[in-house]
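Student: Sharing a structure, written as structure tokens. Questions coming.
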Amino acid sequence: MDIRSQVSMVFHLDKCLGCHTCSIACKNIWTDRKGAEYMWWNNVETKPGTGYPGKWEDQKIFKGGWIREDGKLKLRAAGKKKGLFNLFHNPNMPVIDDYYEPWTYKYLDLIQAPAADDQITARPISLITGKPMDIKSGPNWDDDLSGTPDYARNDPNLENVSPAEREAMFQLERMAFYYLPRMCNHCLNPACVASCPSGAIYKRGEDGVVLINQEVCRAWRMCVSACPYKKVYFNWNTGKSEKCILCYPRLESDQAPACMHSCVGRIRYLGVVLYDADKIHEAASSDENELVNNHLDCLLDPHDPQVIAAAKANGIADTTIAAAQKSPTYRFVKEWGLALPLHAEFRTLPMLFYVPPLLPVMASLAKVNHDERGENLNPVAKHWSDNWLYDTSTEELWGTIDQARFPLKYMANLFSAGDEGRIADALKKLMAVRIYRRFKTVGDVTEEKADAALADTGLTAEMAEAIYFMTSLPQMKDRIVIPPAHREHAIEMLENTGDAKGSIGFGTLNSPQRGN
Amino acid sequence: MLNNFLFVALPYAALSVFLVGTIFKYRSLKFQYSSLSSQFLEGNRLFWGVIPFHWGILVVFLGHLTAFLVPRGILAWNSRPLRLLILEMTGLAFALCVLVGLVLLLYRRLTNERLKVVTNRMDQVIEWLLLVQVVLGCWIAVGYRWGSSWFASDLSPYLWSIFRLDPQTTAVSAMPLVVKLHIIAAFLIVLVFPFTRLVHFLVAPFHYTWRPYQRVIWHWDRRTVRRPESSWNQHPPRNN
């Protein structure tokens, strides 16, 4: 057993309102620079939809992640042989047009243009060439455009969804969508690290943050295509790859990462989990239907005395173990079984987990006769004559999940490597908590029904209360539990304070200037 | 006098600048060590230029290196006309690959609006210099046969004499003008090397083949850092 600690996240998708505040907070701090304008280390996608860069989930295009071939784990299109052979030209690399060409507007024209007959406009100017351009796509170009032929119908996750189900998903009146905030997953088996020929990308041992050493990156570009989530970006100005750093300077000073701190829906949870590094390879190379199970098996119970003893022997600080015991991530993922990894089939063992959204699945459509009501309305008033009603009642316990408007298969393609049962379990748990709380507060649900719902999903009343609290009422300190970074140790390892006395501190740094 | 300047002073100046420049850059301006790939801004036309250029120049460079390191081996190989012909044809074929690739790359770089933004003066200098060098090389291969033999017998000793700090310019000064220009251009490339993107050649990622795929870095030894008897003396400071 080789126990390590990892800062790991949970996103509660039911709570995401799609406001993009996380993306803006991240952009303002990290990627508002030349060469990085197009990068969104954190972005929010509308699902069903194609996302950013377009169709990133379709590994036939950019060929990222790992595959299992003859029982062996291999990078799909990178690795020692293919990577070095394709060093000069990476055939799977996305180019700037797969994201979008960044632009600004020539605002000065608005005040400096000479008087004329036409309305003055500010023309879009490319942030790359500095010349006027036609905008073809931009950040969140597919925002809220689910149901449109260009975006939702090209969603790679529709692969196993039957044509009839697809049609049902995209009927305008019945259409549902939800938001999927994405950032670097800081994987346990990162494909970007494995694909980097220079060895510039590494996982920080102390907290599992995956970083790129900018001084070692040589622009071989393999990480950009190898990351199946397309969360490594190439800075065309500096000639270096960049990615989410989980705001490690903030983490080290006990502040939440900017995206989590700014999250309006408070959907983001961060906590440390203890995991067994010896199990990583086995978990990543397991059968498709065992992937999620084996991945979650890597995470260890921080209350188990054996685990604590092994963690201490491995040099994990007591404060980190204490933080792991309070970790919201551990509770969501392991104790409650609510959160699942995104696209486990990419085999990178992502350490960002999602609570699948209940909302689009919870409601069902019931047949009613709208025409009766229509007769009472003013003739001018718009009324639906399609005889369907959006129904969120709880007459039956799980009927709405079984006849979900949103095929479970689709959700399973995203969050459980195709296993619909797992998605149904998580959704039933979410619903059981709602039924239980409805019994508690509204009272129109009987205690027997609430108990039956909880028993059916394997929850207890205490767990339901805890889930309710962690979902609805948590304070910042409950949602974000950051283990102390022990920078005092780190600094002592770097610097002999006696040597540094009288000097200018930690040495001089060169500004990151593009090479010739 | 001119010969001394071109074939003694220039090589030593070029090699000194190369050594000092690349080492200084690696130690102090490491951020600037990059291949500065432009594939992200333009990927399709790059393919047709970059693939023939790189594979071509690799083979041509290794050919020159072999003739420099083991001239006797090359001469022995060339003792049969068929083998000589195979070697010369291979060399020329790859040199033409370099030429085609380089022309396509230069054309691409000069005509694409996006690439103009990431093209600086040294990029142009080195591309033109390489182009001149490759044209001269092809000219020599066609016009002054059989280069692999006379390089091994005449020029290899000259290059060795430079590294032995005992430069002998007799053989070089008797060479035709084209060959002289080829040598001068070669040392000019060595001279400007540290100031161009060519430095990525020095950091070719061969170590990728033997390192494990995953890489985890601890900022301190996690097993000893909490042990009271181990002081920071066991972890010597990395800067200052």
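Residue names in the structure tokens use chain letters A, B, ... in the order shown, residue numbers from 1 in each chain, and ligand numbers from 1 in the order shown.
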Run DSSP on the backbone and grab whatever in range 136-215 of chain A lands in strand (DSSP E); send it over as a PyMOL selection string.
Tutor: chain A and resi 178-182+201-204+210-212
Student: For the residues selected in the previous step, produce a file with N, CA and C atoms as a short mmCIF file (atom, residue, chain, number, x, y, z; two decimals), in the first residue's frame.
Tutor:
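Everything below was put into out11.cif:
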```cif
data_model
loop_
_atom_site.label_atom_id
_atom_site.label_comp_id
_atom_site.auth_asym_id
_atom_site.auth_seq_id
_atom_site.Cartn_x
_atom_site.Cartn_y
_atom_site.Cartn_z
N TYR A 178 -28.62 20.70 -19.51
CA TYR A 178 -28.00 21.09 -18.25
C TYR A 178 -26.59 21.55 -18.55
N TYR A 179 -25.93 22.07 -17.54
CA TYR A 179 -24.59 22.62 -17.74
C TYR A 179 -23.53 21.68 -17.19
N LEU A 180 -22.42 21.65 -17.88
CA LEU A 180 -21.31 20.80 -17.47
C LEU A 180 -20.07 21.68 -17.33
N PRO A 181 -19.76 22.14 -16.12
CA PRO A 181 -18.52 22.91 -15.93
C PRO A 181 -17.34 21.95 -15.98
N ARG A 182 -16.32 22.35 -16.69
CA ARG A 182 -15.17 21.46 -16.85
C ARG A 182 -13.87 22.19 -16.53
N ILE A 201 5.69 17.75 -17.76
CA ILE A 201 4.46 17.68 -16.98
C ILE A 201 4.64 16.68 -15.85
N TYR A 202 4.18 17.04 -14.68
CA TYR A 202 4.34 16.14 -13.55
C TYR A 202 3.17 16.32 -12.59
N LYS A 203 3.02 15.32 -11.75
CA LYS A 203 2.01 15.38 -10.71
C LYS A 203 2.71 15.70 -9.42
N ARG A 204 2.22 16.71 -8.73
CA ARG A 204 2.83 17.07 -7.46
C ARG A 204 2.50 16.00 -6.43
N VAL A 210 -1.57 18.52 -11.12
CA VAL A 210 -0.77 18.24 -12.32
C VAL A 210 -0.32 19.57 -12.91
N LEU A 211 1.00 19.72 -13.06
CA LEU A 211 1.56 20.99 -13.49
C LEU A 211 2.51 20.80 -14.67
N ILE A 212 2.73 21.88 -15.42
CA ILE A 212 3.70 21.86 -16.51
C ILE A 212 4.86 22.77 -16.14
#
```
Student: What's around range 119-129 of chain B at 7 Å? Count only C-alpha atoms, leave out sequence neighbours fewer than 2 positions away in its own chain, and write the answer as a ChimeraX atom specification.
Tutor: /A:516 /B:106,115-117,131-133,196
Student: Keeping C-alpha atoms for every residue in the selection just given, could you write it to a file as a PDB file, in the first residue's frame?
Tutor:
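Result went into out_21.pdb, see below:
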```pdb
ATOM      1  CA  ASN A 516      14.073  32.991 -30.939  1.00  0.00           C
TER       2      ASN A 516
ATOM      3  CA  LEU B 106       9.565  29.339 -45.906  1.00  0.00           C
ATOM      4  CA  LEU B 115       2.509  32.927 -38.847  1.00  0.00           C
ATOM      5  CA  LYS B 116       3.881  36.388 -39.554  1.00  0.00           C
ATOM      6  CA  VAL B 117       3.006  37.243 -35.958  1.00  0.00           C
ATOM      7  CA  LEU B 131      18.226  27.323 -47.626  1.00  0.00           C
ATOM      8  CA  VAL B 132      21.529  28.668 -48.970  1.00  0.00           C
ATOM      9  CA  GLN B 133      23.335  25.815 -47.261  1.00  0.00           C
ATOM     10  CA  THR B 196      17.702  30.683 -33.013  1.00  0.00           C
TER      11      THR B 196
END
```
Student: Under the rule of at most 6 Å, produce a per-residue listing of chain B near chain A: chain, number, name, the closest pair of atoms, and the distance in Å, as a tab-separated table, using only C-alpha atoms.
Tutor:
```
residue	atom	partner	partner_atom	distance
B:Lys30	CA	A:Glu215	CA	5.3
B:Phe31	CA	A:Glu215	CA	4.3
B:Gln32	CA	A:Gly515	CA	3.9
B:Ser34	CA	A:Arg218	CA	4.1
B:Ser35	CA	A:Arg218	CA	5.7
B:Leu36	CA	A:Gly239	CA	4.6
B:Phe40	CA	A:Val95	CA	4.5
B:Leu41	CA	A:Ile96	CA	5.8
B:Arg114	CA	A:Thr129	CA	5.4
B:Thr196	CA	A:Asn516	CA	4.8
B:Arg197	CA	A:Asn516	CA	5.2
B:Pro205	CA	A:Ser198	CA	5.3
B:Tyr208	CA	A:Pro197	CA	5.1
B:Thr209	CA	A:Lys80	CA	5.8
B:Tyr213	CA	A:Ala194	CA	4.4
B:Gln214	CA	A:Ala194	CA	5.2
B:Arg215	CA	A:Tyr202	CA	5.0
B:Val216	CA	A:Lys203	CA	4.7
B:Ile217	CA	A:Arg204	CA	5.2
B:Trp218	CA	A:Gly205	CA	4.7
B:Arg222	CA	A:Gly315	CA	4.7
B:Arg223	CA	A:Gly315	CA	4.6
B:Pro237	CA	A:Glu495	CA	5.0
B:Arg238	CA	A:Leu494	CA	5.7
```
Student: Write out as a PDB file with C-alpha atoms, in the first residue's frame which residues come within 8 Å of Phe18 in chain B when counting only C-alpha atoms, dropping same-chain ones fewer than 2 positions away.
Tutor:
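Output file result_7.pdb is given in full below:
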```
ATOM      1  CA  ALA B  14      31.509  29.945 -34.109  1.00  0.00           C
ATOM      2  CA  LEU B  15      32.252  26.995 -31.832  1.00  0.00           C
ATOM      3  CA  SER B  16      33.005  29.251 -28.844  1.00  0.00           C
ATOM      4  CA  VAL B  20      28.971  29.522 -24.366  1.00  0.00           C
ATOM      5  CA  GLY B  21      25.666  30.590 -25.903  1.00  0.00           C
ATOM      6  CA  THR B  22      23.806  27.299 -25.642  1.00  0.00           C
ATOM      7  CA  VAL B 190      26.867  27.067 -35.828  1.00  0.00           C
ATOM      8  CA  LEU B 191      27.551  30.701 -34.910  1.00  0.00           C
ATOM      9  CA  VAL B 192      23.922  31.830 -34.872  1.00  0.00           C
ATOM     10  CA  PHE B 193      22.658  28.506 -33.497  1.00  0.00           C
ATOM     11  CA  PRO B 194      22.235  29.629 -29.858  1.00  0.00           C
TER      12      PRO B 194
END
```
Student: Counting only C-alpha atoms, which of B:Lys25, B:His182, B:His219, B:Arg45 gets nearest to Phe195 in chain B?
Tutor: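 Between B:Lys25, B:His182, B:His219, B:Arg45, the residue approaching Phe195 in chain B most closely is B:Lys25.
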Student: What lies within 10 Å of Ile140 in chain B using only C-alpha atoms, ignoring chain neighbours under 5 positions off, as a list of chain:residue names?
Tutor: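 Once the nearby chain positions are removed, what remains is B:Leu92, B:Val134, B:Val135, B:Arg145, B:Trp146, B:Gly147, B:Pro176, B:Val178, B:Val179, B:His182.
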Student: Go ahead and save the picked residues with N, CA and C atoms, as a CSV table (one decimal), in the first residue's frame.
Tutor:
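What follows is the written file out.csv:
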```csv
chain,number,residue,atom,x,y,z
B,92,LEU,N,21.6,12.5,-51.7
B,92,LEU,CA,21.1,13.5,-52.6
B,92,LEU,C,19.5,13.5,-52.4
B,134,VAL,N,21.6,24.3,-48.1
B,134,VAL,CA,21.1,23.1,-48.7
B,134,VAL,C,21.3,23.2,-50.2
B,135,VAL,N,21.0,24.4,-50.8
B,135,VAL,CA,21.2,24.6,-52.2
B,135,VAL,C,22.7,24.3,-52.6
B,145,ARG,N,31.3,15.4,-57.9
B,145,ARG,CA,31.2,14.0,-57.4
B,145,ARG,C,32.5,13.5,-56.8
B,146,TRP,N,32.7,12.6,-56.1
B,146,TRP,CA,31.8,11.9,-55.2
B,146,TRP,C,32.1,12.4,-53.8
B,147,GLY,N,31.3,13.3,-53.4
B,147,GLY,CA,31.5,14.1,-52.1
B,147,GLY,C,31.7,13.2,-50.9
B,176,PRO,N,37.1,23.9,-54.4
B,176,PRO,CA,36.3,24.8,-55.2
B,176,PRO,C,35.5,25.8,-54.4
B,178,VAL,N,32.4,26.7,-54.3
B,178,VAL,CA,31.1,26.2,-53.8
B,178,VAL,C,31.3,25.5,-52.5
B,179,VAL,N,32.4,24.6,-52.5
B,179,VAL,CA,32.6,23.9,-51.2
B,179,VAL,C,33.0,24.8,-50.1
B,182,HIS,N,30.1,26.4,-48.8
B,182,HIS,CA,29.3,25.4,-47.9
B,182,HIS,C,29.9,25.3,-46.5
```
Student: Looking only at the backbone, which of the residues in range 124-219 of chain B does DSSP tag as helix (DSSP H, G or I), as a PyMOL selection string?
Tutor: chain B and resi 124-143+147-163+170-173+177-195+197-203+206-209
Student: Just how far from CA of Ala152 in chain A is CA of Gly54 in chain A, in Å to one decimal?
Tutor: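 Between CA of Gly54 in chain A and CA of Ala152 in chain A the gap is 11.2 Å.
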Student: Would you list the contacts of Cys26 in chain A as a PyMOL selection string, taking every protein, DNA or RNA residue within 9 Å and counting only C-alpha atoms, but skipping same-chain residues closer than 5 positions in sequence?
Tutor: chain A and resi 21+31+40-42+244+247+257-259
Student: I need the residues from that last selection saved to file as an mmCIF file, in the first residue's frame (with N, CA and C atoms), if you can.
Tutor:
```
data_model
loop_
_atom_site.group_PDB
_atom_site.id
_atom_site.type_symbol
_atom_site.label_atom_id
_atom_site.label_comp_id
_atom_site.auth_asym_id
_atom_site.auth_seq_id
_atom_site.Cartn_x
_atom_site.Cartn_y
_atom_site.Cartn_z
ATOM 1 N N THR A 21 -19.389 32.314 -14.132
ATOM 2 C CA THR A 21 -18.564 33.129 -13.239
ATOM 3 C C THR A 21 -17.222 32.451 -12.964
ATOM 4 N N THR A 31 -5.427 33.556 -17.603
ATOM 5 C CA THR A 31 -5.234 33.417 -19.052
ATOM 6 C C THR A 31 -5.551 34.693 -19.824
ATOM 7 N N TRP A 40 -9.525 28.500 -22.035
ATOM 8 C CA TRP A 40 -10.445 28.536 -20.900
ATOM 9 C C TRP A 40 -10.119 27.319 -20.055
ATOM 10 N N TRP A 41 -9.181 27.539 -19.105
ATOM 11 C CA TRP A 41 -8.801 26.412 -18.239
ATOM 12 C C TRP A 41 -10.042 25.853 -17.569
ATOM 13 N N ASN A 42 -10.979 26.753 -17.262
ATOM 14 C CA ASN A 42 -12.281 26.332 -16.771
ATOM 15 C C ASN A 42 -13.311 26.812 -17.779
ATOM 16 N N CYS A 244 -4.674 24.197 -16.340
ATOM 17 C CA CYS A 244 -5.168 24.570 -15.006
ATOM 18 C C CYS A 244 -4.140 24.170 -13.955
ATOM 19 N N CYS A 247 -5.077 26.668 -9.095
ATOM 20 C CA CYS A 247 -4.719 27.845 -8.290
ATOM 21 C C CYS A 247 -3.796 27.457 -7.138
ATOM 22 N N PRO A 257 -9.505 27.705 -4.778
ATOM 23 C CA PRO A 257 -9.220 28.084 -6.166
ATOM 24 C C PRO A 257 -10.259 29.099 -6.656
ATOM 25 N N ALA A 258 -9.840 29.973 -7.560
ATOM 26 C CA ALA A 258 -10.685 31.096 -7.949
ATOM 27 C C ALA A 258 -12.048 30.637 -8.466
ATOM 28 N N CYS A 259 -12.069 29.558 -9.268
ATOM 29 C CA CYS A 259 -13.347 29.100 -9.818
ATOM 30 C C CYS A 259 -14.280 28.651 -8.703
#
```
Student: If you measure from CA of Asp166 in chain B to CA of Tyr12 in chain B, what distance in Å do you get, rounded to one decimal?
Tutor: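 Computing the Euclidean distance for CA of Asp166 in chain B and CA of Tyr12 in chain B yields 11.3 Å.
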